[in-house]
$ cat coords_39.cif   # mmCIF, C-alpha atoms
data_start
#
loop_
_atom_site.label_atom_id
_atom_site.label_comp_id
_atom_site.auth_asym_id
_atom_site.auth_seq_id
_atom_site.Cartn_x
_atom_site.Cartn_y
_atom_site.Cartn_z
CA MET A 25 2.53 -4.18 11.88
CA LEU A 26 5.69 -4.54 9.85
CA LEU A 27 6.63 -8.04 8.70
CA ARG A 28 10.22 -8.80 7.92
CA HIS A 29 11.06 -10.86 4.86
CA GLU A 30 11.45 -14.12 6.77
CA GLY A 31 8.24 -13.65 8.74
CA PHE A 32 6.27 -12.90 5.59
CA ARG A 33 7.73 -15.96 3.85
CA ARG A 34 6.64 -18.17 6.75
CA LEU A 35 3.08 -16.85 6.61
CA CYS A 36 2.93 -17.64 2.87
CA GLN A 37 4.24 -21.11 3.63
CA ALA A 38 1.45 -21.53 6.22
CA ARG A 39 -1.11 -20.39 3.64
CA ASP A 40 0.13 -23.07 1.24
CA LEU A 41 -0.05 -25.72 3.98
CA LEU A 42 -3.61 -24.67 4.82
CA ARG A 43 -4.55 -25.02 1.14
CA GLU A 44 -3.59 -28.71 1.29
CA LEU A 45 -6.56 -30.86 2.15
CA ARG A 46 -4.41 -33.55 3.74
CA GLU A 47 -5.78 -35.96 6.31
CA PRO A 48 -5.46 -35.95 9.21
CA SER A 49 -5.30 -32.18 9.02
CA PRO A 50 -2.70 -30.62 11.31
CA SER A 51 -3.94 -28.45 14.16
CA ILE A 52 -3.31 -24.72 14.03
CA ALA A 53 -0.75 -25.17 16.81
CA ASP A 54 1.03 -27.83 14.69
CA LEU A 55 1.12 -25.44 11.75
CA ALA A 56 2.47 -22.60 13.91
CA ARG A 57 5.23 -24.94 15.04
CA GLU A 58 5.94 -25.99 11.44
CA VAL A 59 6.45 -22.38 10.34
CA GLN A 60 8.23 -21.49 13.59
CA ILE A 61 5.96 -18.72 14.83
CA SER A 62 4.34 -18.78 18.29
CA PRO A 63 0.63 -19.71 18.04
CA PHE A 64 -0.42 -16.28 19.34
CA HIS A 65 1.63 -14.34 16.79
CA PHE A 66 0.82 -16.82 14.06
CA ILE A 67 -2.95 -16.26 14.33
CA ARG A 68 -2.58 -12.50 14.76
CA GLN A 69 -0.16 -12.03 11.84
CA PHE A 70 -2.03 -14.42 9.55
CA GLU A 71 -5.27 -12.51 10.11
CA ALA A 72 -3.59 -9.15 9.45
CA VAL A 73 -2.18 -10.42 6.15
CA PHE A 74 -4.98 -12.64 4.84
CA GLY A 75 -8.02 -11.06 6.49
CA VAL A 76 -9.16 -14.27 8.20
CA THR A 77 -7.76 -16.56 10.88
CA PRO A 78 -5.90 -19.72 9.79
CA HIS A 79 -8.88 -21.80 10.90
CA GLN A 80 -11.33 -19.71 8.83
CA PHE A 81 -8.94 -19.83 5.88
CA ARG A 82 -8.86 -23.63 5.92
CA ILE A 83 -12.66 -23.84 6.17
CA GLN A 84 -13.05 -21.47 3.23
CA THR A 85 -10.55 -23.51 1.20
CA ARG A 86 -12.53 -26.68 1.91
CA LEU A 87 -15.86 -25.08 1.06
CA ASP A 88 -14.44 -23.68 -2.21
CA ALA A 89 -13.18 -27.15 -3.12
CA ALA A 90 -16.56 -28.62 -2.19
CA LYS A 91 -18.38 -26.13 -4.42
CA ARG A 92 -16.18 -27.03 -7.38
CA LEU A 93 -16.69 -30.76 -6.88
CA LEU A 94 -20.44 -30.36 -6.42
CA ALA A 95 -20.67 -28.30 -9.61
CA MET A 96 -18.82 -30.99 -11.57
CA GLY A 97 -21.74 -33.21 -10.70
CA GLN A 98 -19.89 -36.51 -10.63
CA HIS A 99 -19.77 -36.97 -6.86
CA SER A 100 -22.39 -37.45 -4.15
CA VAL A 101 -22.62 -34.92 -1.32
CA THR A 102 -21.15 -37.55 1.05
CA ASP A 103 -18.18 -38.18 -1.27
CA VAL A 104 -17.53 -34.45 -1.56
CA CYS A 105 -17.73 -34.01 2.21
CA MET A 106 -15.06 -36.70 2.75
CA GLU A 107 -12.95 -35.56 -0.20
CA VAL A 108 -12.49 -32.03 1.12
CA GLY A 109 -11.58 -33.16 4.62
CA PHE A 110 -14.75 -33.10 6.71
CA SER A 111 -15.39 -36.23 8.74
CA SER A 112 -19.02 -35.53 9.61
CA LEU A 113 -21.69 -35.05 6.96
CA GLY A 114 -23.85 -33.19 9.48
CA SER A 115 -21.25 -30.58 10.33
CA PHE A 116 -20.26 -30.22 6.65
CA SER A 117 -23.86 -29.63 5.59
CA ALA A 118 -24.53 -27.17 8.41
CA LEU A 119 -21.36 -25.19 7.71
CA PHE A 120 -21.91 -25.20 3.94
CA THR A 121 -25.50 -24.01 4.36
CA ARG A 122 -24.46 -21.23 6.71
CA ARG A 123 -21.64 -19.90 4.50
CA VAL A 124 -23.05 -20.52 1.03
CA GLY A 125 -26.70 -19.82 1.78
CA GLU A 126 -28.12 -23.15 0.63
CA ALA A 127 -27.61 -26.84 1.42
CA PRO A 128 -24.94 -28.77 -0.54
CA SER A 129 -27.62 -30.83 -2.31
CA ALA A 130 -29.55 -27.70 -3.33
CA TYR A 131 -26.35 -26.01 -4.52
CA ARG A 132 -25.45 -29.10 -6.55
CA ARG A 133 -28.89 -29.23 -8.17
CA ARG A 134 -28.94 -25.53 -9.03
CA VAL A 135 -25.37 -25.26 -10.30
CA ARG A 136 -25.38 -28.47 -12.30
CA ALA A 137 -28.06 -26.94 -14.48
CA MET A 138 -25.47 -24.30 -15.44
CA VAL A 139 -22.86 -26.87 -16.48
CA PRO A 140 -23.17 -27.57 -20.23
CA VAL A 141 -20.34 -30.09 -20.40
CA PRO A 142 -19.93 -32.48 -17.45
CA GLY A 143 -16.60 -31.94 -15.73
CA ILE A 144 -16.05 -28.43 -17.08
CA LEU A 145 -17.08 -25.47 -14.95
CA PRO A 146 -19.04 -22.70 -16.69
CA ALA A 147 -17.67 -19.16 -16.83
CA ASP A 148 -20.43 -18.02 -14.46
CA LEU A 149 -18.72 -19.90 -11.64
CA THR A 150 -15.18 -18.89 -12.49
CA PRO A 151 -15.50 -15.35 -13.84
CA GLY A 152 -12.50 -13.30 -14.73
CA CYS A 153 -11.23 -10.57 -16.97
CA LEU A 154 -14.15 -8.29 -16.22
CA SER A 155 -16.55 -10.72 -17.89
CA LEU A 156 -19.21 -10.03 -15.25
CA MET A 157 -19.71 -6.65 -16.85
CA GLY A 158 -21.53 -8.21 -19.79
CA ARG A 159 -24.28 -9.36 -17.50
CA LEU A 160 -25.10 -6.03 -15.88
CA SER A 161 -28.54 -4.58 -16.57
CA PRO A 162 -28.61 -1.75 -19.15
CA SER A 163 -29.32 0.81 -16.43
CA ALA A 164 -26.52 -0.37 -14.14
CA LEU A 165 -23.82 1.74 -15.71
CA ALA A 166 -26.05 4.74 -16.38
CA ASN A 167 -23.97 6.94 -14.08
CA SER A 168 -20.77 6.12 -15.88
CA VAL A 169 -22.32 6.68 -19.28
CA ARG A 170 -23.70 10.05 -18.23
CA SER A 171 -20.37 11.23 -16.90
CA PHE A 172 -18.77 10.05 -20.14
CA ARG A 173 -21.19 12.09 -22.22
CA GLU A 174 -20.74 15.19 -20.09
CA ALA A 175 -17.00 14.90 -20.35
CA MET B 16 -10.15 4.94 -26.12
CA ARG B 17 -10.08 5.80 -22.45
CA ILE B 18 -8.77 4.07 -19.34
CA LYS B 19 -11.82 3.95 -17.07
CA LEU B 20 -11.73 0.55 -15.36
CA MET B 21 -8.92 -1.41 -13.81
CA SER B 22 -9.48 -4.54 -11.79
CA ILE B 23 -7.85 -6.23 -8.88
CA MET B 24 -8.66 -9.84 -7.95
CA VAL B 25 -9.96 -10.40 -4.44
CA ASP B 26 -10.52 -13.69 -2.65
CA ASP B 27 -13.71 -12.50 -0.94
CA GLN B 28 -15.81 -9.59 -2.18
CA ASP B 29 -17.41 -8.82 1.22
CA LYS B 30 -14.01 -8.60 2.86
CA ALA B 31 -12.70 -6.57 -0.06
CA ILE B 32 -15.36 -3.86 -0.01
CA ARG B 33 -14.85 -3.49 3.74
CA PHE B 34 -11.08 -3.16 3.40
CA TYR B 35 -11.05 -0.88 0.36
CA THR B 36 -13.66 1.52 1.85
CA GLU B 37 -13.32 1.36 5.64
CA VAL B 38 -9.56 0.90 5.84
CA LEU B 39 -8.15 2.48 2.69
CA GLY B 40 -10.90 5.11 2.45
CA PHE B 41 -12.10 4.63 -1.14
CA LYS B 42 -15.75 5.25 -2.08
CA LYS B 43 -18.05 2.52 -3.33
CA LYS B 44 -19.42 3.41 -6.77
CA HIS B 45 -21.15 0.23 -7.94
CA ASP B 46 -22.27 -2.85 -6.04
CA ILE B 47 -24.57 -4.88 -8.26
CA PRO B 48 -25.41 -8.59 -7.87
CA VAL B 49 -24.46 -10.60 -10.98
CA GLY B 50 -25.25 -14.30 -10.70
CA GLU B 51 -23.02 -15.89 -8.08
CA TYR B 52 -20.95 -12.73 -7.61
CA ARG B 53 -21.18 -8.94 -7.53
CA TRP B 54 -19.96 -6.14 -9.77
CA ILE B 55 -18.21 -3.90 -7.26
CA THR B 56 -16.21 -0.81 -8.11
CA VAL B 57 -14.60 1.86 -5.94
CA THR B 58 -13.22 5.30 -6.72
CA SER B 59 -10.80 7.49 -4.82
CA PRO B 60 -12.29 10.54 -3.05
CA GLU B 61 -9.11 12.31 -4.16
CA GLY B 62 -10.05 11.60 -7.78
CA PRO B 63 -10.24 11.19 -10.63
CA ASP B 64 -13.92 10.49 -10.07
CA ASP B 65 -14.47 8.48 -13.25
CA LEU B 66 -11.57 6.06 -12.83
CA GLU B 67 -12.95 2.94 -11.17
CA LEU B 68 -11.20 -0.01 -9.58
CA VAL B 69 -13.16 -3.26 -9.96
CA LEU B 70 -12.97 -5.67 -7.02
CA GLU B 71 -13.10 -8.83 -9.08
CA PRO B 72 -13.92 -12.23 -7.57
CA ASN B 73 -10.92 -14.52 -7.77
CA ALA B 74 -12.84 -17.76 -8.24
CA ASN B 75 -10.84 -18.95 -11.23
CA PRO B 76 -8.22 -21.47 -10.02
CA ALA B 77 -5.72 -20.18 -12.60
CA GLY B 78 -6.19 -16.64 -11.29
CA ARG B 79 -5.74 -17.77 -7.74
CA MET B 80 -2.54 -19.63 -8.57
CA PHE B 81 -1.13 -16.52 -10.24
CA GLN B 82 -2.20 -14.26 -7.38
CA GLU B 83 -0.76 -16.50 -4.66
CA ALA B 84 2.53 -16.94 -6.52
CA MET B 85 2.98 -13.18 -7.00
CA PHE B 86 2.08 -12.62 -3.36
CA SER B 87 4.62 -15.17 -2.13
CA GLN B 88 7.28 -13.48 -4.25
CA GLY B 89 6.45 -10.16 -2.60
CA ILE B 90 5.29 -8.54 -5.85
CA PRO B 91 2.59 -5.85 -5.60
CA LEU B 92 -0.30 -6.08 -8.09
CA ALA B 93 -1.31 -2.42 -7.86
CA ALA B 94 0.22 0.88 -6.82
CA PHE B 95 -1.59 3.87 -5.33
CA GLU B 96 -0.09 7.34 -5.19
CA VAL B 97 -0.14 9.20 -1.87
CA GLY B 98 0.79 12.74 -0.87
CA ASP B 99 2.42 11.84 2.43
CA ILE B 100 3.60 8.27 2.67
CA ALA B 101 4.75 8.52 6.29
CA SER B 102 1.33 9.61 7.52
CA GLU B 103 -0.43 6.94 5.40
CA PHE B 104 1.89 4.33 6.87
CA ALA B 105 1.02 5.52 10.39
CA ARG B 106 -2.72 5.73 9.65
CA LEU B 107 -2.93 2.25 8.09
CA THR B 108 -0.68 0.62 10.69
CA ALA B 109 -2.97 1.99 13.41
CA LYS B 110 -5.86 0.25 11.64
CA GLY B 111 -4.06 -3.09 11.79
CA VAL B 112 -2.72 -3.21 8.22
CA ALA B 113 0.33 -5.43 7.76
CA PHE B 114 3.19 -3.89 5.79
CA THR B 115 5.95 -5.94 4.18
CA ARG B 116 8.01 -2.85 3.42
CA GLN B 117 8.08 0.36 5.41
CA PRO B 118 8.36 3.70 3.63
CA ALA B 119 11.80 4.14 2.13
CA GLN B 120 13.31 6.19 -0.64
CA ALA B 121 13.83 4.27 -3.89
CA GLY B 122 15.19 6.41 -6.67
CA PRO B 123 12.74 9.21 -7.47
CA VAL B 124 9.97 7.93 -5.13
CA SER B 125 9.31 6.71 -1.62
CA LEU B 126 7.77 3.24 -1.55
CA ALA B 127 5.91 1.10 0.97
CA VAL B 128 4.09 -2.21 0.51
CA PHE B 129 1.15 -3.68 2.44
CA ALA B 130 -1.19 -6.69 2.27
CA ASP B 131 -4.79 -5.88 1.28
CA THR B 132 -6.20 -8.91 3.23
CA CYS B 133 -7.72 -10.19 -0.05
CA GLY B 134 -4.64 -11.90 -1.48
CA ASN B 135 -2.71 -8.93 -2.90
CA LEU B 136 0.26 -6.80 -2.04
CA ILE B 137 -0.28 -3.11 -2.79
CA GLN B 138 2.46 -0.56 -3.27
CA LEU B 139 2.12 3.00 -2.02
CA TYR B 140 4.36 5.58 -3.60
CA GLN B 141 5.04 9.24 -3.02
CA PRO B 142 6.71 11.11 -5.85
CA ALA B 143 9.57 13.27 -4.67
#

$ encode --input "coords_39.cif" --output "structure tokens"
Amino acid sequence: MLLRHEGFRRLCQARDLLRELREPSPSIADLAREVQISPFHFIRQFEAVFGVTPHQFRIQTRLDAAKRLLAMGQHSVTDVCMEVGFSSLGSFSALFTRRVGEAPSAYRRRVRAMVPVPGILPADLTPGCLSLMGRLSPSALANSVRSFREA
Amino acid sequence: MRIKLMSIMVDDQDKAIRFYTEVLGFKKKHDIPVGEYRWITVTSPEGPDDLELVLEPNANPAGRMFQEAMFSQGIPLAAFEVGDIASEFARLTAKGVAFTRQPAQAGPVSLAVFADTCGNLIQLYQPA
């Protein structure tokens, strides 16, 4: 598909609105109306551009925010659940467990051990600038090293 | 000193490896678990074989803010060279890729821009 300038701008605007964890959260149909795209085209175009539906995007945004808050270690699981816009602790826990692979409480326990200074996330959770490379096993880059030597 | 690794930030590494291999057609070179994330690199089957693109997790809020701002402004964060931009445009469009700019001549090159579904715009260019 080819998006014109205005259409692309509206999808970016929708992305920004979905990043907001405001309550009550607007429905996807409300958002489509706000950015003036029909709900059908909105979902289809959003998925083509961002790789997930608007609904999935919002859930991922909430879970990312929940992970950050849990890692900070200053909030209970219930507080975090409410803070990121879930109204039911049960559905939050089930969704978190399914997507992240462990329950919020287990994630909090495990990740807090990695946080040396309360309130500041460790680099392991927010990697960047190729820093992950330093933690590869010595054999991991063997192929690259060999091709370098042969060159 | 050699240029061997370049990285692009992606919002989801699973989605990224699918898009960069199955849609774009790159080859996976490394996929190694590292703590919470993975070290994933791809190469182009058209070469050079030892130049790897790292699909880097964009978990850093500062990185995400930068990436989303550049995206909203329509600015590509990488450019890939192609031999026939019209046929790449047709091939990728058929696979559901969203373009923000269709192939058009711009000075000495033809350019097109698409969304990589992981938070980036990518420019394709065909030298004249």

$ closest_residue --input "coords_39.cif" --among "B:Ala74, B:Ile55, B:Leu68, B:Ala105" --to "chain A" --atoms "all atoms listed in the file"
B:Ala74

$ closest_residue --input "coords_39.cif" --among "A:Thr77, A:Ser100, A:Ser51, A:Thr121" --to "chain B" --atoms "all atoms listed in the file"
A:Thr77

$ interface_residues --input "coords_39.cif" --of "chain A" --to "chain B" --cutoff "10 Å" --atoms "all atoms listed in the file" --output "PyMOL selection string"
chain A and resi 25-29+31-37+39-40+68-76+84+88+92+135+145+147-161+164-165+167-168+171-172+175

$ write_last_selection --input "coords_39.cif" --atoms "C-alpha atoms" --output "PDB file, keeping the file's coordinate frame"
ATOM      1  CA  MET A  25       2.530  -4.180  11.880  1.00  0.00           C
ATOM      2  CA  LEU A  26       5.690  -4.540   9.850  1.00  0.00           C
ATOM      3  CA  LEU A  27       6.630  -8.040   8.700  1.00  0.00           C
ATOM      4  CA  ARG A  28      10.220  -8.800   7.920  1.00  0.00           C
ATOM      5  CA  HIS A  29      11.060 -10.860   4.860  1.00  0.00           C
ATOM      6  CA  GLY A  31       8.240 -13.650   8.740  1.00  0.00           C
ATOM      7  CA  PHE A  32       6.270 -12.900   5.590  1.00  0.00           C
ATOM      8  CA  ARG A  33       7.730 -15.960   3.850  1.00  0.00           C
ATOM      9  CA  ARG A  34       6.640 -18.170   6.750  1.00  0.00           C
ATOM     10  CA  LEU A  35       3.080 -16.850   6.610  1.00  0.00           C
ATOM     11  CA  CYS A  36       2.930 -17.640   2.870  1.00  0.00           C
ATOM     12  CA  GLN A  37       4.240 -21.110   3.630  1.00  0.00           C
ATOM     13  CA  ARG A  39      -1.110 -20.390   3.640  1.00  0.00           C
ATOM     14  CA  ASP A  40       0.130 -23.070   1.240  1.00  0.00           C
ATOM     15  CA  ARG A  68      -2.580 -12.500  14.760  1.00  0.00           C
ATOM     16  CA  GLN A  69      -0.160 -12.030  11.840  1.00  0.00           C
ATOM     17  CA  PHE A  70      -2.030 -14.420   9.550  1.00  0.00           C
ATOM     18  CA  GLU A  71      -5.270 -12.510  10.110  1.00  0.00           C
ATOM     19  CA  ALA A  72      -3.590  -9.150   9.450  1.00  0.00           C
ATOM     20  CA  VAL A  73      -2.180 -10.420   6.150  1.00  0.00           C
ATOM     21  CA  PHE A  74      -4.980 -12.640   4.840  1.00  0.00           C
ATOM     22  CA  GLY A  75      -8.020 -11.060   6.490  1.00  0.00           C
ATOM     23  CA  VAL A  76      -9.160 -14.270   8.200  1.00  0.00           C
ATOM     24  CA  GLN A  84     -13.050 -21.470   3.230  1.00  0.00           C
ATOM     25  CA  ASP A  88     -14.440 -23.680  -2.210  1.00  0.00           C
ATOM     26  CA  ARG A  92     -16.180 -27.030  -7.380  1.00  0.00           C
ATOM     27  CA  VAL A 135     -25.370 -25.260 -10.300  1.00  0.00           C
ATOM     28  CA  LEU A 145     -17.080 -25.470 -14.950  1.00  0.00           C
ATOM     29  CA  ALA A 147     -17.670 -19.160 -16.830  1.00  0.00           C
ATOM     30  CA  ASP A 148     -20.430 -18.020 -14.460  1.00  0.00           C
ATOM     31  CA  LEU A 149     -18.720 -19.900 -11.640  1.00  0.00           C
ATOM     32  CA  THR A 150     -15.180 -18.890 -12.490  1.00  0.00           C
ATOM     33  CA  PRO A 151     -15.500 -15.350 -13.840  1.00  0.00           C
ATOM     34  CA  GLY A 152     -12.500 -13.300 -14.730  1.00  0.00           C
ATOM     35  CA  CYS A 153     -11.230 -10.570 -16.970  1.00  0.00           C
ATOM     36  CA  LEU A 154     -14.150  -8.290 -16.220  1.00  0.00           C
ATOM     37  CA  SER A 155     -16.550 -10.720 -17.890  1.00  0.00           C
ATOM     38  CA  LEU A 156     -19.210 -10.030 -15.250  1.00  0.00           C
ATOM     39  CA  MET A 157     -19.710  -6.650 -16.850  1.00  0.00           C
ATOM     40  CA  GLY A 158     -21.530  -8.210 -19.790  1.00  0.00           C
ATOM     41  CA  ARG A 159     -24.280  -9.360 -17.500  1.00  0.00           C
ATOM     42  CA  LEU A 160     -25.100  -6.030 -15.880  1.00  0.00           C
ATOM     43  CA  SER A 161     -28.540  -4.580 -16.570  1.00  0.00           C
ATOM     44  CA  ALA A 164     -26.520  -0.370 -14.140  1.00  0.00           C
ATOM     45  CA  LEU A 165     -23.820   1.740 -15.710  1.00  0.00           C
ATOM     46  CA  ASN A 167     -23.970   6.940 -14.080  1.00  0.00           C
ATOM     47  CA  SER A 168     -20.770   6.120 -15.880  1.00  0.00           C
ATOM     48  CA  SER A 171     -20.370  11.230 -16.900  1.00  0.00           C
ATOM     49  CA  PHE A 172     -18.770  10.050 -20.140  1.00  0.00           C
ATOM     50  CA  ALA A 175     -17.000  14.900 -20.350  1.00  0.00           C
TER      51      ALA A 175
END

$ atom_distance --input "coords_39.cif" --atom1 "atom CA of B:Pro142" --atom2 "atom CA of B:Gly122"
9.7 Å

$ residues_around --input "coords_39.cif" --residues "A:Arg86" --least-positions-apart "4" --cutoff "7 Å" --atoms "all atoms listed in the file" --output "ChimeraX atom specification"
/A:82,90,108

$ residues_around --input "coords_39.cif" --residues "B:Glu96" --least-positions-apart "2" --cutoff "9 Å" --atoms "all atoms listed in the file" --output "NGL selection string"
:B and (94 or 98 or 100 or 138-142)

$ resolve_selection --input "coords_39.cif" --expression "the PyMOL selection byres ((chain B and resi 57-59) around 6)" --output "VMD selection string"
chain B and resid 41 to 44 56 60 to 62 67 to 68

$ atom_distance --input "coords_39.cif" --atom1 "atom CA of B:Ala143" --atom2 "atom CA of B:Gln120"
9.0 Å

$ atom_distance --input "coords_39.cif" --atom1 "atom CA of B:Val97" --atom2 "atom CA of B:Val38"
14.7 Å

$ resolve_selection --input "coords_39.cif" --expression "the PyMOL selection byres ((chain A and resi 111-118) around 9)" --output "list in words"
Leu87, Val101, Thr102, Cys105, Met106, Gly109, Phe110, Leu119, Phe120, Thr121, Arg122, Arg123, Ala127, Pro128 and Ser129 of chain A

$ residues_near_point --input "coords_39.cif" --point "(-3.3, -25.7, 4.5)" --cutoff "10 Å" --atoms "all atoms listed in the file" --output "list of chain:residue names"
A:Gln37, A:Ala38, A:Arg39, A:Asp40, A:Leu41, A:Leu42, A:Arg43, A:Glu44, A:Leu45, A:Arg46, A:Ser49, A:Pro50, A:Ile52, A:Leu55, A:Pro78, A:His79, A:Phe81, A:Arg82, A:Ile83, A:Thr85, A:Arg86

$ write_last_selection --input "coords_39.cif" --atoms "C-alpha atoms" --output "PDB file, in the coordinates of the input"
ATOM      1  CA  GLN A  37       4.240 -21.110   3.630  1.00  0.00           C
ATOM      2  CA  ALA A  38       1.450 -21.530   6.220  1.00  0.00           C
ATOM      3  CA  ARG A  39      -1.110 -20.390   3.640  1.00  0.00           C
ATOM      4  CA  ASP A  40       0.130 -23.070   1.240  1.00  0.00           C
ATOM      5  CA  LEU A  41      -0.050 -25.720   3.980  1.00  0.00           C
ATOM      6  CA  LEU A  42      -3.610 -24.670   4.820  1.00  0.00           C
ATOM      7  CA  ARG A  43      -4.550 -25.020   1.140  1.00  0.00           C
ATOM      8  CA  GLU A  44      -3.590 -28.710   1.290  1.00  0.00           C
ATOM      9  CA  LEU A  45      -6.560 -30.860   2.150  1.00  0.00           C
ATOM     10  CA  ARG A  46      -4.410 -33.550   3.740  1.00  0.00           C
ATOM     11  CA  SER A  49      -5.300 -32.180   9.020  1.00  0.00           C
ATOM     12  CA  PRO A  50      -2.700 -30.620  11.310  1.00  0.00           C
ATOM     13  CA  ILE A  52      -3.310 -24.720  14.030  1.00  0.00           C
ATOM     14  CA  LEU A  55       1.120 -25.440  11.750  1.00  0.00           C
ATOM     15  CA  PRO A  78      -5.900 -19.720   9.790  1.00  0.00           C
ATOM     16  CA  HIS A  79      -8.880 -21.800  10.900  1.00  0.00           C
ATOM     17  CA  PHE A  81      -8.940 -19.830   5.880  1.00  0.00           C
ATOM     18  CA  ARG A  82      -8.860 -23.630   5.920  1.00  0.00           C
ATOM     19  CA  ILE A  83     -12.660 -23.840   6.170  1.00  0.00           C
ATOM     20  CA  THR A  85     -10.550 -23.510   1.200  1.00  0.00           C
ATOM     21  CA  ARG A  86     -12.530 -26.680   1.910  1.00  0.00           C
TER      22      ARG A  86
END

$ resolve_selection --input "coords_39.cif" --expression "the PyMOL selection byres ((chain A and resi 98) around 12)" --output "PyMOL selection string"
chain A and resi 92-97+99-104+132-133+136+139+141-144

$ axis_aligned_box --input "coords_39.cif" --around "stretch 41-60 of chain A" --padding-each-side "6 Å" --output "lines of an AutoDock Vina configuration file"
center_x = 0.8
center_y = -28.7
center_z = 9.0
size_x = 26.8
size_y = 26.5
size_z = 27.7

$ closest_residue --input "coords_39.cif" --among "B:Ala121, B:Gly40, B:Ile137, B:Arg106" --to "B:Met85" --atoms "all atoms listed in the file"
B:Ile137
